[in-house]
Amino acid sequence: MRITDIGLEVRRFRFEEPMKVAFATITDMPVCIVKIDTDEGITGYGEAAPLAFVTGDNLETVLSVGAELRQALLGLDPRAIGTIHRVMDGLYHGNTAIKAGIDIACYDIAARAAGAPLYRHLGGDDPHVHSDVTIGIDTPERMAEKAKEWVAKDFEILKVKLGEDIRTDAERIRAIREAVGGSVRLRIDANQGWTVKETLRICPELDRWGVDLVEQPVPHWDFDGLREIRERSGLLIAADESCHDMHDAMRLASMRAVDVINIKLMKSSGIYGALKIAAVCEAAGLRCMIGCMGESTLGNLAGMHLAAALDVIQEVDLDAVYILKQEEVYGGYDHRGGRAVLWETPGIGCSVREPADAAASEAH
Ligand SMILES: [Mg+2]
């Protein structure tokens with residue numbers, strides 16, 4: 001099987017409500033849908049969702065680098081995923097979002113060619129995936145209100161964005177716990193917003209309100225800080241912005257700096273890199289979470305398939321499907337609250353509306 005074309009198309013999706021995190025407020029998410037055609041008539045879809053302050057790339061670089069990668073990849077077998085990545089990495093360092101988009105489309109093709117849903121193609125046999133949903137930074141009252149709304153929609157795990165002034169952050173978590181009661185699981189993500197001292201000061205409060213995981217409290221480069229927090233806080237500590245690839249995972253593991261690593265396909269250059277991070281974590285006795293940037297259903301589904309396939313991925317933070325306004329990519333799963341069941345359709349399983357269809361439906 002040979003790649004005959006790689007199409008790159010920009011789509012712009014909006015969040016239902018602006019998502020405020022410690023370092024930015026995100027209102028919409030420009031992404032690039034990657035469409036790979038082959039000489040055997042099988043077409044695969046992937047998605048590149050760059051977030052410049054995490055991945056260092058943006059939509060312009062996705063398109064320009066993507067055009068060059070296209071030239072280099074034409075004629076290769078999309079199922080030879082090691083070769084695909086060697087060619088991409090040989091041309092460009094970083095640029096992980098477009099590499100992820102191409103990687104996901106290649107896996108989609110491989111699974112379609114095998115006649116299996118992607119999670120089965122990756123060795124899994126259970127289509128259930130249980131995700132949290134994220135609450136952005138706001139006043140304690142509004143965050144508590146939002147938390148109640150999600151719980152009323154059957155979501156059982158909430159990921160709360162913090163990382164501002166620790167007093168207000170403690171208020172936020174207290175307000176949410178009081179609003180939702182004891183049975184809802186709470187985890188927090190400070191997105192690099194605190195110092196080590198601040199984190200150690202707020203951790204007893206987080207513990208008191210039953211927070212079961214603290215994600216990326218300090219800047220991404222501060223591995224020593226993560227280790228100190230892990231040793232002294234007694235809480236489960238997760239790395240997100242600190243871990244992009246298997247080398248980061250290996251360093252974090254050997255330093256015993258964290259308990260959990262949050263894998264994101266846009267950081268790891270897709271499924272191939274994610275599998276390597278997962279293997280390092282499994283060997284080191286770390287747990288994995290899988291998260292997302294704000295991809296559409298397509299990118300999120302790729303993550304769900306990986307989560308369904310790997311035992312070591314025990315926490316799922318794939319909620320863009322629930323908080324992003326988009327109808328161009330649809331199907332592939334059913335859900336109640338954060339509990340999703342993947343379809344048995346070959347490949348990733350969703351449908352992508354062509355731009356002409358999308359324009360037509362917008363006109364109506
Ligand atoms: Mg995070």
# chains A, B, ... in the order shown; residues from 1 in each chain; ligands from 1

$ residues_around --residues "Gly94 of chain A" --least-positions-apart "5" --cutoff "8 Å" --atoms "only C-alpha atoms" --output "list in words"
Thr55, Gly56 and Asp89 of chain A

$ select_by_dssp --residues "segment 57-272 of chain A" --states "strand (DSSP E)" --output "PyMOL selection string"
chain A and resi 128-130+133-135+157-161+185-189+211-215+237-239+260-264

$ write_last_selection --atoms "N, CA and C atoms" --output "PDB file, in the first residue's frame"
ATOM      1  N   HIS A 128     -14.866   0.402  26.410  1.00  0.00           N
ATOM      2  CA  HIS A 128     -15.327   1.421  27.365  1.00  0.00           C
ATOM      3  C   HIS A 128     -14.202   2.358  27.796  1.00  0.00           C
ATOM      4  N   VAL A 129     -14.507   3.652  27.806  1.00  0.00           N
ATOM      5  CA  VAL A 129     -13.532   4.664  28.219  1.00  0.00           C
ATOM      6  C   VAL A 129     -14.259   5.661  29.126  1.00  0.00           C
ATOM      7  N   HIS A 130     -13.680   5.920  30.295  1.00  0.00           N
ATOM      8  CA  HIS A 130     -14.351   6.807  31.252  1.00  0.00           C
ATOM      9  C   HIS A 130     -13.542   8.091  31.447  1.00  0.00           C
ATOM     10  N   VAL A 133     -14.330  15.617  32.999  1.00  0.00           N
ATOM     11  CA  VAL A 133     -14.627  16.810  32.211  1.00  0.00           C
ATOM     12  C   VAL A 133     -14.001  17.983  32.957  1.00  0.00           C
ATOM     13  N   THR A 134     -13.547  18.988  32.194  1.00  0.00           N
ATOM     14  CA  THR A 134     -12.742  20.072  32.771  1.00  0.00           C
ATOM     15  C   THR A 134     -13.567  21.307  33.106  1.00  0.00           C
ATOM     16  N   ILE A 135     -13.286  21.895  34.250  1.00  0.00           N
ATOM     17  CA  ILE A 135     -13.892  23.175  34.631  1.00  0.00           C
ATOM     18  C   ILE A 135     -12.803  24.229  34.608  1.00  0.00           C
ATOM     19  N   ILE A 157     -16.298  12.408  37.222  1.00  0.00           N
ATOM     20  CA  ILE A 157     -14.943  12.868  37.547  1.00  0.00           C
ATOM     21  C   ILE A 157     -14.783  14.292  37.015  1.00  0.00           C
ATOM     22  N   LEU A 158     -14.358  15.207  37.856  1.00  0.00           N
ATOM     23  CA  LEU A 158     -14.159  16.591  37.424  1.00  0.00           C
ATOM     24  C   LEU A 158     -12.681  16.938  37.511  1.00  0.00           C
ATOM     25  N   LYS A 159     -12.187  17.577  36.442  1.00  0.00           N
ATOM     26  CA  LYS A 159     -10.824  18.096  36.464  1.00  0.00           C
ATOM     27  C   LYS A 159     -10.936  19.603  36.605  1.00  0.00           C
ATOM     28  N   VAL A 160     -10.385  20.127  37.672  1.00  0.00           N
ATOM     29  CA  VAL A 160     -10.560  21.533  37.995  1.00  0.00           C
ATOM     30  C   VAL A 160      -9.277  22.290  37.683  1.00  0.00           C
ATOM     31  N   LYS A 161      -9.399  23.333  36.869  1.00  0.00           N
ATOM     32  CA  LYS A 161      -8.245  24.162  36.541  1.00  0.00           C
ATOM     33  C   LYS A 161      -7.993  25.153  37.676  1.00  0.00           C
ATOM     34  N   ARG A 185     -15.353  12.348  41.957  1.00  0.00           N
ATOM     35  CA  ARG A 185     -13.886  12.416  42.030  1.00  0.00           C
ATOM     36  C   ARG A 185     -13.406  13.776  41.540  1.00  0.00           C
ATOM     37  N   LEU A 186     -12.481  14.383  42.273  1.00  0.00           N
ATOM     38  CA  LEU A 186     -11.914  15.671  41.880  1.00  0.00           C
ATOM     39  C   LEU A 186     -10.424  15.535  41.658  1.00  0.00           C
ATOM     40  N   ARG A 187      -9.948  16.081  40.538  1.00  0.00           N
ATOM     41  CA  ARG A 187      -8.510  16.193  40.309  1.00  0.00           C
ATOM     42  C   ARG A 187      -8.248  17.629  39.895  1.00  0.00           C
ATOM     43  N   ILE A 188      -7.048  18.115  40.106  1.00  0.00           N
ATOM     44  CA  ILE A 188      -6.789  19.510  39.732  1.00  0.00           C
ATOM     45  C   ILE A 188      -5.591  19.596  38.779  1.00  0.00           C
ATOM     46  N   ASP A 189      -5.588  20.665  37.992  1.00  0.00           N
ATOM     47  CA  ASP A 189      -4.493  20.938  37.069  1.00  0.00           C
ATOM     48  C   ASP A 189      -4.107  22.405  37.219  1.00  0.00           C
ATOM     49  N   VAL A 211      -9.104  15.886  46.876  1.00  0.00           N
ATOM     50  CA  VAL A 211      -8.522  15.911  45.525  1.00  0.00           C
ATOM     51  C   VAL A 211      -7.606  14.700  45.381  1.00  0.00           C
ATOM     52  N   ASP A 212      -7.798  13.918  44.301  1.00  0.00           N
ATOM     53  CA  ASP A 212      -7.000  12.685  44.230  1.00  0.00           C
ATOM     54  C   ASP A 212      -5.797  12.780  43.301  1.00  0.00           C
ATOM     55  N   LEU A 213      -5.615  13.909  42.637  1.00  0.00           N
ATOM     56  CA  LEU A 213      -4.463  14.031  41.730  1.00  0.00           C
ATOM     57  C   LEU A 213      -4.138  15.518  41.512  1.00  0.00           C
ATOM     58  N   VAL A 214      -2.839  15.843  41.554  1.00  0.00           N
ATOM     59  CA  VAL A 214      -2.393  17.220  41.319  1.00  0.00           C
ATOM     60  C   VAL A 214      -1.522  17.222  40.071  1.00  0.00           C
ATOM     61  N   GLU A 215      -2.017  17.907  39.014  1.00  0.00           N
ATOM     62  CA  GLU A 215      -1.302  17.881  37.729  1.00  0.00           C
ATOM     63  C   GLU A 215      -0.499  19.164  37.517  1.00  0.00           C
ATOM     64  N   ILE A 237       1.038  13.021  42.139  1.00  0.00           N
ATOM     65  CA  ILE A 237       1.484  14.140  41.310  1.00  0.00           C
ATOM     66  C   ILE A 237       1.609  13.666  39.858  1.00  0.00           C
ATOM     67  N   ALA A 238       1.077  14.494  38.947  1.00  0.00           N
ATOM     68  CA  ALA A 238       1.132  14.144  37.521  1.00  0.00           C
ATOM     69  C   ALA A 238       1.924  15.186  36.733  1.00  0.00           C
ATOM     70  N   ALA A 239       2.649  14.710  35.722  1.00  0.00           N
ATOM     71  CA  ALA A 239       3.346  15.604  34.790  1.00  0.00           C
ATOM     72  C   ALA A 239       2.529  15.702  33.513  1.00  0.00           C
ATOM     73  N   VAL A 260       2.217   9.933  37.952  1.00  0.00           N
ATOM     74  CA  VAL A 260       1.361   9.776  36.768  1.00  0.00           C
ATOM     75  C   VAL A 260       1.925  10.657  35.647  1.00  0.00           C
ATOM     76  N   ILE A 261       1.842  10.173  34.421  1.00  0.00           N
ATOM     77  CA  ILE A 261       2.223  11.001  33.268  1.00  0.00           C
ATOM     78  C   ILE A 261       1.011  11.172  32.357  1.00  0.00           C
ATOM     79  N   ASN A 262       0.717  12.431  32.023  1.00  0.00           N
ATOM     80  CA  ASN A 262      -0.407  12.740  31.142  1.00  0.00           C
ATOM     81  C   ASN A 262       0.092  12.746  29.694  1.00  0.00           C
ATOM     82  N   ILE A 263      -0.265  11.700  28.962  1.00  0.00           N
ATOM     83  CA  ILE A 263       0.107  11.593  27.553  1.00  0.00           C
ATOM     84  C   ILE A 263      -0.893  12.393  26.720  1.00  0.00           C
ATOM     85  N   LYS A 264      -0.397  13.159  25.761  1.00  0.00           N
ATOM     86  CA  LYS A 264      -1.295  13.802  24.794  1.00  0.00           C
ATOM     87  C   LYS A 264      -0.729  13.539  23.413  1.00  0.00           C
TER      88      LYS A 264
END

$ closest_residue --among "A:Arg208, A:His335, A:Lys99, A:His305" --to "Leu118 of chain A" --atoms "only C-alpha atoms"
A:His305

$ residues_around --residues "Leu275 of chain A" --least-positions-apart "5" --cutoff "9 Å" --atoms "only C-alpha atoms" --output "mmCIF file with C-alpha atoms, in the first residue's frame"
data_model
loop_
_atom_site.group_PDB
_atom_site.id
_atom_site.type_symbol
_atom_site.label_atom_id
_atom_site.label_comp_id
_atom_site.auth_asym_id
_atom_site.auth_seq_id
_atom_site.Cartn_x
_atom_site.Cartn_y
_atom_site.Cartn_z
ATOM 1 C CA MET A 246 9.688 8.855 25.981
ATOM 2 C CA GLY A 270 0.768 10.719 17.801
ATOM 3 C CA VAL A 280 8.382 3.490 29.845
ATOM 4 C CA LEU A 306 -5.478 4.186 22.710
ATOM 5 C CA LEU A 310 -3.696 -0.015 27.034
#

$ atom_distance --atom1 "atom CA of Glu16 of chain A" --atom2 "atom CA of Thr297 of chain A"
14.3 Å

$ closest_residue --among "A:Glu228, A:Glu241, A:Asp138, A:Asp125" --to "ligand 1" --atoms "only C-alpha atoms and all ligand atoms"
A:Glu241

$ closest_residue --among "A:Ile313, A:Leu298, A:Asp240, A:Val321" --to "ligand 1" --atoms "only C-alpha atoms and all ligand atoms"
A:Asp240

$ atom_distance --atom1 "atom CA of His85 of chain A" --atom2 "atom CA of Glu68 of chain A"
13.9 Å

$ decode --residues "segment 220-317 of chain A" --atoms "C-alpha atoms" --output "PDB file, in the first residue's frame"
ATOM      1  CA  HIS A 220       7.561  22.316  32.923  1.00  0.00           C
ATOM      2  CA  TRP A 221      11.347  22.415  33.385  1.00  0.00           C
ATOM      3  CA  ASP A 222      11.226  21.967  37.171  1.00  0.00           C
ATOM      4  CA  PHE A 223      11.644  18.205  37.541  1.00  0.00           C
ATOM      5  CA  ASP A 224      13.359  18.678  40.938  1.00  0.00           C
ATOM      6  CA  GLY A 225      10.377  20.702  42.086  1.00  0.00           C
ATOM      7  CA  LEU A 226       7.959  17.971  41.027  1.00  0.00           C
ATOM      8  CA  ARG A 227      10.006  15.417  42.963  1.00  0.00           C
ATOM      9  CA  GLU A 228      10.085  17.578  46.092  1.00  0.00           C
ATOM     10  CA  ILE A 229       6.306  18.048  45.923  1.00  0.00           C
ATOM     11  CA  ARG A 230       5.747  14.352  45.388  1.00  0.00           C
ATOM     12  CA  GLU A 231       7.948  13.421  48.354  1.00  0.00           C
ATOM     13  CA  ARG A 232       6.535  16.002  50.762  1.00  0.00           C
ATOM     14  CA  SER A 233       2.853  16.368  49.850  1.00  0.00           C
ATOM     15  CA  GLY A 234       1.725  12.767  49.991  1.00  0.00           C
ATOM     16  CA  LEU A 235      -0.622  13.448  47.051  1.00  0.00           C
ATOM     17  CA  LEU A 236      -0.476  11.831  43.621  1.00  0.00           C
ATOM     18  CA  ILE A 237       1.484  14.140  41.310  1.00  0.00           C
ATOM     19  CA  ALA A 238       1.132  14.144  37.521  1.00  0.00           C
ATOM     20  CA  ALA A 239       3.346  15.604  34.790  1.00  0.00           C
ATOM     21  CA  ASP A 240       1.748  17.118  31.695  1.00  0.00           C
ATOM     22  CA  GLU A 241       3.752  19.976  30.146  1.00  0.00           C
ATOM     23  CA  SER A 242       6.924  18.317  31.571  1.00  0.00           C
ATOM     24  CA  CYS A 243       6.502  15.223  29.399  1.00  0.00           C
ATOM     25  CA  HIS A 244       6.415  15.300  25.610  1.00  0.00           C
ATOM     26  CA  ASP A 245       8.166  12.079  24.672  1.00  0.00           C
ATOM     27  CA  MET A 246       9.688   8.855  25.981  1.00  0.00           C
ATOM     28  CA  HIS A 247      12.918  10.630  26.947  1.00  0.00           C
ATOM     29  CA  ASP A 248      11.055  13.023  29.265  1.00  0.00           C
ATOM     30  CA  ALA A 249       9.137  10.040  30.646  1.00  0.00           C
ATOM     31  CA  MET A 250      12.383   8.161  31.297  1.00  0.00           C
ATOM     32  CA  ARG A 251      13.913  11.114  33.150  1.00  0.00           C
ATOM     33  CA  LEU A 252      10.780  11.718  35.237  1.00  0.00           C
ATOM     34  CA  ALA A 253      10.623   8.011  36.055  1.00  0.00           C
ATOM     35  CA  SER A 254      14.281   7.647  36.994  1.00  0.00           C
ATOM     36  CA  MET A 255      14.075  10.765  39.206  1.00  0.00           C
ATOM     37  CA  ARG A 256      10.884   9.425  40.805  1.00  0.00           C
ATOM     38  CA  ALA A 257       9.506  12.930  40.205  1.00  0.00           C
ATOM     39  CA  VAL A 258       5.854  11.999  39.546  1.00  0.00           C
ATOM     40  CA  ASP A 259       3.285   9.200  39.977  1.00  0.00           C
ATOM     41  CA  VAL A 260       1.361   9.776  36.768  1.00  0.00           C
ATOM     42  CA  ILE A 261       2.223  11.001  33.268  1.00  0.00           C
ATOM     43  CA  ASN A 262      -0.407  12.740  31.142  1.00  0.00           C
ATOM     44  CA  ILE A 263       0.107  11.593  27.553  1.00  0.00           C
ATOM     45  CA  LYS A 264      -1.295  13.802  24.794  1.00  0.00           C
ATOM     46  CA  LEU A 265      -1.093  12.768  21.163  1.00  0.00           C
ATOM     47  CA  MET A 266      -0.286  16.359  20.129  1.00  0.00           C
ATOM     48  CA  LYS A 267       2.823  16.322  22.362  1.00  0.00           C
ATOM     49  CA  SER A 268       3.960  12.771  21.554  1.00  0.00           C
ATOM     50  CA  SER A 269       3.735  13.084  17.727  1.00  0.00           C
ATOM     51  CA  GLY A 270       0.768  10.719  17.801  1.00  0.00           C
ATOM     52  CA  ILE A 271       0.074   7.129  18.768  1.00  0.00           C
ATOM     53  CA  TYR A 272       3.539   5.765  17.942  1.00  0.00           C
ATOM     54  CA  GLY A 273       5.219   8.128  20.433  1.00  0.00           C
ATOM     55  CA  ALA A 274       2.426   7.612  22.965  1.00  0.00           C
ATOM     56  CA  LEU A 275       2.961   3.846  22.934  1.00  0.00           C
ATOM     57  CA  LYS A 276       6.623   4.421  23.775  1.00  0.00           C
ATOM     58  CA  ILE A 277       5.825   6.739  26.694  1.00  0.00           C
ATOM     59  CA  ALA A 278       3.283   4.204  27.943  1.00  0.00           C
ATOM     60  CA  ALA A 279       5.887   1.427  27.814  1.00  0.00           C
ATOM     61  CA  VAL A 280       8.382   3.490  29.845  1.00  0.00           C
ATOM     62  CA  CYS A 281       5.661   4.227  32.410  1.00  0.00           C
ATOM     63  CA  GLU A 282       4.617   0.602  32.661  1.00  0.00           C
ATOM     64  CA  ALA A 283       8.214  -0.514  33.185  1.00  0.00           C
ATOM     65  CA  ALA A 284       8.763   2.157  35.847  1.00  0.00           C
ATOM     66  CA  GLY A 285       5.520   1.469  37.710  1.00  0.00           C
ATOM     67  CA  LEU A 286       3.980   4.827  36.781  1.00  0.00           C
ATOM     68  CA  ARG A 287       0.386   5.270  35.738  1.00  0.00           C
ATOM     69  CA  CYS A 288      -0.674   7.090  32.589  1.00  0.00           C
ATOM     70  CA  MET A 289      -3.425   9.524  31.948  1.00  0.00           C
ATOM     71  CA  ILE A 290      -4.404  10.477  28.417  1.00  0.00           C
ATOM     72  CA  GLY A 291      -5.400  14.069  27.748  1.00  0.00           C
ATOM     73  CA  CYS A 292      -6.113  16.417  24.860  1.00  0.00           C
ATOM     74  CA  MET A 293      -5.551  19.968  23.641  1.00  0.00           C
ATOM     75  CA  GLY A 294      -8.959  20.816  22.180  1.00  0.00           C
ATOM     76  CA  GLU A 295      -9.069  18.448  19.254  1.00  0.00           C
ATOM     77  CA  SER A 296     -12.375  17.669  17.621  1.00  0.00           C
ATOM     78  CA  THR A 297     -14.072  14.297  17.954  1.00  0.00           C
ATOM     79  CA  LEU A 298     -11.476  12.891  15.534  1.00  0.00           C
ATOM     80  CA  GLY A 299      -8.390  13.606  17.654  1.00  0.00           C
ATOM     81  CA  ASN A 300     -10.238  12.777  20.853  1.00  0.00           C
ATOM     82  CA  LEU A 301     -11.405   9.439  19.460  1.00  0.00           C
ATOM     83  CA  ALA A 302      -7.834   8.491  18.535  1.00  0.00           C
ATOM     84  CA  GLY A 303      -6.963   9.050  22.198  1.00  0.00           C
ATOM     85  CA  MET A 304      -9.991   7.042  23.353  1.00  0.00           C
ATOM     86  CA  HIS A 305      -8.957   4.092  21.198  1.00  0.00           C
ATOM     87  CA  LEU A 306      -5.478   4.186  22.710  1.00  0.00           C
ATOM     88  CA  ALA A 307      -6.921   4.390  26.234  1.00  0.00           C
ATOM     89  CA  ALA A 308      -9.180   1.420  25.496  1.00  0.00           C
ATOM     90  CA  ALA A 309      -6.215  -0.587  24.224  1.00  0.00           C
ATOM     91  CA  LEU A 310      -3.696  -0.015  27.034  1.00  0.00           C
ATOM     92  CA  ASP A 311      -4.116  -1.112  30.666  1.00  0.00           C
ATOM     93  CA  VAL A 312      -1.452   1.328  31.831  1.00  0.00           C
ATOM     94  CA  ILE A 313      -3.690   4.261  30.800  1.00  0.00           C
ATOM     95  CA  GLN A 314      -5.875   4.377  33.875  1.00  0.00           C
ATOM     96  CA  GLU A 315      -7.032   7.986  33.803  1.00  0.00           C
ATOM     97  CA  VAL A 316      -8.749   9.642  30.866  1.00  0.00           C
ATOM     98  CA  ASP A 317      -9.044  13.375  30.277  1.00  0.00           C
TER      99      ASP A 317
END
